[in-house]
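Novice: Submitted below is the structure of interest, expressed as C-alpha cells.
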Amino acid sequence: MKKKLSELKILKGGRDEGNLLGTGPESFIWAQATNTRLMGVVGVKVCWKLESGDFFYQFFHLDSEAYGIDGYESLINPNNYEVDYIAFHMMGGLGGNFINISYNELVYLLKLFYDLNLEKDSALPERSREFEKFFAMPVSLTKEDERNLMKKICEPLENHSHCINYFLMRVFGKDYAAADFLLDKITEDNLRAKVGEGVLLRNELFCKRSSQRGSVYRAESLVDSRAGYILVHSELNVVSGDEGYKIRSAKKLEEMHISNIEAAFLLKKMEYLAIYQIESIEEFLMIFKIENPSMMDSIHDAGVLFTSFNKDNDHVKNDIYYLNGDIHSVYFITRAQQLVVASFEAKKLEEAQDTLQGKRYREMLSLDNKLVIEEPVFYEFVNSGQEDIYDFFDSKGIG
C-alpha cells in the first residue's frame with residue numbers, strides 16, 4: 001500500500017537553525033536508505049558532523065511516482081530515542097531494512113527525486129534550504145554504479161509472484177526506472193506502452209506453464225485509474241538466473257472497465273473487530289501515540305485513526321496481491337471513548353490485542369466485544385462521522 005507521509009509534529013533535538021551543513025563531503029558520517037524502491041518509496045537517514053562538533057541528522061521520505069522528495073525532518077545532537085522516533089514515524093510503515101549507501105549515492109538519490117518534484121510541479125517540504133545545496137552538486141554515477149545502487153535499495157526477489165507483482169505495480173505507476181530494473185536483458189515488453197496510469201489494487205496470478213527457460217503467467221490486475229476501475233489481463237514470462245528473477249516478456253491481452261460494485265466484490269475481505277471502552281481518553285491518546293511511533297495517524301471527525309503496518313512486504317510474494325496487504329491492524333480512538341481495533345486476519349487481530357495487553361496503558365482499556373463481519377465496514381465507520389460504533393451498526397442494520 002502506498003504510504004503517503006502526512007504532516008508530523010515531532011520532538012526536536014537541540015537547537016533549530018537554518019542551513020547547518022558544511023560545504024563538503026568531509027562532514028559526512030553515514031547514510032542509510034530503505035530497500036523499498038520497488039514499493040515506490042524510499043526512506044533515507046543521514047548523519048553529518050558539523051564544524052562546531054555537533055551532529056546533524058536528516059530524514060527524507062522519497063516518492064517515485066507523484067511527489068519526489070515529499071517528507072523531511074532534521075535534528076541536532078538527538079538522543080537515540082529521538083532518532084528512532086522520527087525514523088519509525090516517517091519510514092516504519094515502508095516494510096524494509098536500512099542499507100548503507102555512500103555519499104555519492106546519497107546525493108545522486110536526492111537529485112534524482114528532486115527531478116520528480118520539478119516534473120510533477122510538487123513543492124519541496126518545509127526547511128528545504130537545509131538540503132537544497134545537493135541539487136547543484138556535480139555528482140553522477142556510471143550505469144554500473146546506478147545498477148548497484150538499485151540492487152541496494154530493492155529487496156531481493158524470492159519467487160515468480162514477487163517479481164511479477166512488483167513489475168506490474170511499477171508499470172501501472174509509470175515508474176519506469178524501477179520497472180526496467182526488473183526486466184531481463186532480452187525483453188519483449190509492450191505492456192508499459194499499452195496500459196494507462198493507475199494504482200494496482202489487486203493482482204491475481206495463474207501459472208500457465210513452466211520449463212527450464214522460465215514460467216509463463218496470466219495476470220488479472222484490478223487498477224484504480226483516472227478513468228475509473230479497470231481490469232487488465234496480461235501475460236508475463238519470468239526467468240531466473242544470475243541476476244535473480246527477471247521479466248523476459250510482458251504483453252497486454254485485454255482491458256475492460258468495471259463498476260464500483262464489481263471492484264468492491266474483488267476487494268472484499270472478512271473483517272475482524274475488537275471493541276474496547278477507554279478510561280481517561282486524553283491521557284490514553286497521548287501515551288498511545290508516543291508508544292507507537294511507527295503507526296501512521298490521521299485525524300477524522302469522530303476520532304483519530306492509527307494504522308500499523310507489517311514489518312516486511314511479504315504480501316507482494318503471494319499469487320493474490322492486495323494493495324492493503326501490508327496493513328497489520330488499524331486502531332480508531334473515538335470521541336465516544338471507544339477503541340475499535342480491526343484486521344483482515346484473525347491471527348493479526350489477536351496479535352494486536354496481545355500488544356495492547358503488553359503496554360502500560362492496558363489498565364485504561366476494557367474489552368467490550370469481538371466481532372467477525374463478512375462485509376467490511378470499519379473504514380465506512382471511520383468516515384461516517386459517528387462517534388459510537390454501536391450507533392453506526394444500528395444505522396446499517398448490523399446486529
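Ordering of the C-alpha cells sets the chain letters (A, B, ...), residue numbers begin anew at 1 in every chain, and ligands are numbered from 1 in the order given.
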Would you give me, as CSV, each residue of range 331-385 of chain A having an atom within 8 Å of an atom of range 298-309 of chain A, along with its shortest atom pair and that distance in Å to one decimal, using only C-alpha atoms and sorting by chain and residue number?
Specialist:
```
residue,atom,partner,partner_atom,distance
A:Tyr331,CA,A:Phe306,CA,5.0
A:Phe332,CA,A:Leu305,CA,4.5
A:Ile333,CA,A:Val304,CA,5.3
A:Thr334,CA,A:Gly303,CA,4.2
A:Arg335,CA,A:Gly303,CA,5.5
A:Val382,CA,A:His300,CA,7.2
A:Asn383,CA,A:His300,CA,7.1
A:Gly385,CA,A:Ala302,CA,5.1
```
Novice: Residues near Asp175 in chain A, anyone? I mean within 8 Å using only C-alpha atoms, not counting same-chain ones fewer than 6 positions away, as a list in words.
Specialist: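 Residues meeting the cut-off are Gly40, Ser64 and Glu65 of chain A.
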Novice: Extract, using only C-alpha atoms, all DNA, RNA and protein residues at most 8 Å from range 220-222 of chain A, discarding same-chain residues fewer than 4 positions from it, and format them as a list in words.
Specialist: Leu200, Leu201, Arg202, Asn203, Glu204, Leu205, Tyr229, Ile230, Leu231, Val232, His233, Ser234 and Ala263 of chain A
Novice: Based on the backbone DSSP call, show me all residues of range 9-256 of chain A assigned strand (DSSP E), as a ChimeraX atom specification.
Specialist: /A:28-34,41-49,55-63,68-76,98-101,183-189,198-211,214-225,228-241,244-256
Novice: Would you write out those residues with C-alpha atoms, as a JSON list (two decimals), in the first residue's frame?
Specialist:
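Full text of result_5.json as output:
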```
[["chain", "number", "residue", "atom", "x", "y", "z"],
["A", 28, "PHE", "CA", 29.62, 13.19, 6.02],
["A", 29, "ILE", "CA", 29.45, 10.39, 8.64],
["A", 30, "TRP", "CA", 26.98, 7.86, 7.23],
["A", 31, "ALA", "CA", 23.77, 7.46, 5.25],
["A", 32, "GLN", "CA", 21.23, 4.66, 5.05],
["A", 33, "ALA", "CA", 18.29, 4.01, 2.72],
["A", 34, "THR", "CA", 15.43, 1.53, 2.96],
["A", 41, "VAL", "CA", 9.03, 4.81, -1.83],
["A", 42, "VAL", "CA", 12.43, 5.09, -0.14],
["A", 43, "GLY", "CA", 13.29, 6.37, 3.32],
["A", 44, "VAL", "CA", 16.73, 7.91, 3.90],
["A", 45, "LYS", "CA", 18.51, 8.98, 7.08],
["A", 46, "VAL", "CA", 21.85, 10.78, 7.17],
["A", 47, "CYS", "CA", 24.33, 11.81, 9.86],
["A", 48, "TRP", "CA", 26.80, 14.71, 9.50],
["A", 49, "LYS", "CA", 29.41, 16.15, 11.83],
["A", 55, "PHE", "CA", 25.94, 16.03, 14.95],
["A", 56, "PHE", "CA", 23.23, 16.86, 12.43],
["A", 57, "TYR", "CA", 20.69, 14.23, 11.35],
["A", 58, "GLN", "CA", 18.45, 14.43, 8.30],
["A", 59, "PHE", "CA", 15.48, 12.22, 7.40],
["A", 60, "PHE", "CA", 13.94, 12.06, 3.91],
["A", 61, "HIS", "CA", 10.82, 10.41, 2.52],
["A", 62, "LEU", "CA", 11.12, 9.89, -1.26],
["A", 63, "ASP", "CA", 8.20, 9.05, -3.56],
["A", 68, "GLY", "CA", 9.61, 13.24, -5.38],
["A", 69, "ILE", "CA", 11.05, 14.46, -2.06],
["A", 70, "ASP", "CA", 7.81, 14.68, -0.10],
["A", 71, "GLY", "CA", 8.89, 14.47, 3.55],
["A", 72, "TYR", "CA", 11.79, 15.90, 5.55],
["A", 73, "GLU", "CA", 12.83, 16.32, 9.19],
["A", 74, "SER", "CA", 16.13, 17.17, 10.90],
["A", 75, "LEU", "CA", 17.65, 17.05, 14.38],
["A", 76, "ILE", "CA", 20.78, 18.38, 16.07],
["A", 98, "PHE", "CA", 18.05, 0.10, 6.14],
["A", 99, "ILE", "CA", 21.05, -0.40, 3.85],
["A", 100, "ASN", "CA", 24.26, 1.66, 3.96],
["A", 101, "ILE", "CA", 24.80, 3.97, 0.99],
["A", 183, "LEU", "CA", 13.47, -6.63, -17.00],
["A", 184, "ASP", "CA", 15.70, -9.33, -18.44],
["A", 185, "LYS", "CA", 18.42, -8.19, -20.84],
["A", 186, "ILE", "CA", 16.45, -9.53, -23.82],
["A", 187, "THR", "CA", 12.89, -8.49, -23.08],
["A", 188, "GLU", "CA", 9.81, -8.20, -25.21],
["A", 189, "ASP", "CA", 7.56, -5.74, -23.43],
["A", 198, "GLY", "CA", -3.16, 3.90, -12.07],
["A", 199, "VAL", "CA", -2.78, 2.19, -8.72],
["A", 200, "LEU", "CA", -2.63, -1.60, -8.60],
["A", 201, "LEU", "CA", -5.27, -2.58, -6.04],
["A", 202, "ARG", "CA", -5.31, -6.32, -6.59],
["A", 203, "ASN", "CA", -3.43, -8.78, -8.76],
["A", 204, "GLU", "CA", -4.15, -12.47, -9.23],
["A", 205, "LEU", "CA", -1.67, -14.77, -10.95],
["A", 206, "PHE", "CA", -2.24, -18.08, -12.73],
["A", 207, "CYS", "CA", 0.71, -20.19, -13.89],
["A", 208, "LYS", "CA", 0.08, -21.41, -17.45],
["A", 209, "ARG", "CA", 3.25, -23.43, -17.96],
["A", 210, "SER", "CA", 6.76, -23.87, -16.60],
["A", 211, "SER", "CA", 10.02, -25.03, -18.12],
["A", 214, "GLY", "CA", 11.09, -19.89, -17.26],
["A", 215, "SER", "CA", 7.41, -19.75, -16.35],
["A", 216, "VAL", "CA", 4.51, -18.07, -18.13],
["A", 217, "TYR", "CA", 1.81, -16.45, -16.01],
["A", 218, "ARG", "CA", -1.57, -14.93, -16.72],
["A", 219, "ALA", "CA", -2.25, -11.85, -14.58],
["A", 220, "GLU", "CA", -5.62, -10.29, -13.76],
["A", 221, "SER", "CA", -4.97, -6.79, -12.42],
["A", 222, "LEU", "CA", -7.53, -4.51, -10.79],
["A", 223, "VAL", "CA", -6.35, -0.93, -11.28],
["A", 224, "ASP", "CA", -7.73, 2.33, -9.93],
["A", 225, "SER", "CA", -7.15, 4.68, -12.85],
["A", 228, "GLY", "CA", -12.26, 4.61, -13.04],
["A", 229, "TYR", "CA", -11.68, 0.96, -12.20],
["A", 230, "ILE", "CA", -10.20, -1.18, -14.95],
["A", 231, "LEU", "CA", -9.41, -4.87, -15.15],
["A", 232, "VAL", "CA", -6.28, -5.64, -17.16],
["A", 233, "HIS", "CA", -5.35, -9.14, -18.33],
["A", 234, "SER", "CA", -1.73, -9.69, -19.28],
["A", 235, "GLU", "CA", 0.75, -12.49, -19.88],
["A", 236, "LEU", "CA", 4.26, -12.47, -18.44],
["A", 237, "ASN", "CA", 7.24, -14.77, -18.78],
["A", 238, "VAL", "CA", 9.55, -14.86, -15.74],
["A", 239, "VAL", "CA", 13.07, -16.30, -15.79],
["A", 240, "SER", "CA", 15.60, -16.86, -13.03],
["A", 241, "GLY", "CA", 19.35, -16.57, -13.47],
["A", 244, "GLY", "CA", 17.72, -13.29, -9.88],
["A", 245, "TYR", "CA", 14.11, -13.21, -11.07],
["A", 246, "LYS", "CA", 13.50, -11.09, -14.18],
["A", 247, "ILE", "CA", 10.69, -10.43, -16.64],
["A", 248, "ARG", "CA", 11.53, -11.94, -20.05],
["A", 249, "SER", "CA", 8.31, -10.84, -21.76],
["A", 250, "ALA", "CA", 5.15, -8.93, -20.86],
["A", 251, "LYS", "CA", 2.18, -8.30, -23.10],
["A", 252, "LYS", "CA", -1.28, -6.91, -22.61],
["A", 253, "LEU", "CA", -4.13, -9.22, -23.62],
["A", 254, "GLU", "CA", -7.25, -7.21, -22.86],
["A", 255, "GLU", "CA", -8.59, -4.37, -20.75],
["A", 256, "MET", "CA", -12.12, -3.60, -19.55]]
```
Novice: Could you list, as a PyMOL selection string, every residue within 10 Å of Asn324 in chain A, counting only C-alpha atoms and ignoring same-chain residues fewer than 2 positions away?
Specialist: chain A and resi 1-2+201-202+267+309+315+321-322+326-328+344
Novice: Could you pull out all residues of range 109-269 of chain A with a DSSP call of alpha helix (DSSP H) and give them as a PyMOL selection string?
Specialist: chain A and resi 109-120+143-153+160-172+176-181+191-194+260-267
Novice: Quick one: residues within 6 Å of range 368-372 of chain A, only C-alpha atoms counted, chain neighbours fewer than 2 positions away excluded, as a PDB file with N, CA and C atoms, in the first residue's frame?
Specialist:
```pdb
ATOM      1  N   GLU A 271     -13.595  -9.168   7.941  1.00  0.00           N
ATOM      2  CA  GLU A 271     -13.066  -8.152   8.851  1.00  0.00           C
ATOM      3  C   GLU A 271     -13.253  -8.631  10.292  1.00  0.00           C
ATOM      4  N   TYR A 272     -12.188  -8.511  11.078  1.00  0.00           N
ATOM      5  CA  TYR A 272     -12.207  -8.951  12.475  1.00  0.00           C
ATOM      6  C   TYR A 272     -12.057  -7.715  13.361  1.00  0.00           C
ATOM      7  N   LEU A 273     -13.008  -7.542  14.296  1.00  0.00           N
ATOM      8  CA  LEU A 273     -13.039  -6.335  15.123  1.00  0.00           C
ATOM      9  C   LEU A 273     -12.979  -6.678  16.603  1.00  0.00           C
ATOM     10  N   ALA A 274     -12.304  -5.804  17.355  1.00  0.00           N
ATOM     11  CA  ALA A 274     -12.347  -5.835  18.823  1.00  0.00           C
ATOM     12  C   ALA A 274     -12.692  -4.423  19.287  1.00  0.00           C
ATOM     13  N   ILE A 275     -13.667  -4.312  20.189  1.00  0.00           N
ATOM     14  CA  ILE A 275     -14.139  -3.003  20.654  1.00  0.00           C
ATOM     15  C   ILE A 275     -13.846  -2.877  22.147  1.00  0.00           C
ATOM     16  N   TYR A 276     -13.140  -1.807  22.493  1.00  0.00           N
ATOM     17  CA  TYR A 276     -12.781  -1.535  23.885  1.00  0.00           C
ATOM     18  C   TYR A 276     -13.417  -0.235  24.346  1.00  0.00           C
TER      19      TYR A 276
END
```
Novice: With only C-alpha atoms as the basis for distance, which of A:Gly96, A:Ile164, A:Ala227, A:Leu50 is at the shortest distance from Asn260 in chain A?
Specialist: A:Ala227
Novice: Can you tell me how far CA of Ser366 in chain A sits from CA of Phe393 in chain A, in Å to one decimal?
Specialist: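 Result for CA of Ser366 in chain A versus CA of Phe393 in chain A: 20.0 Å, one decimal.
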Novice: Let me make sure I understand: among A:Met295, A:Val330, A:Val195, A:Cys154, which one has the smallest atom-to-atom distance to Phe378 in chain A if we use only C-alpha atoms?
Specialist: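 Answer, going by the shortest atom-to-atom distance: A:Val330.
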Novice: Would you mind reading off the distance between CA of Tyr67 in chain A and CA of Lys151 in chain A, one decimal, in Å?
Specialist: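 Straight-line distance from CA of Tyr67 in chain A to CA of Lys151 in chain A works out to 22.5 Å.
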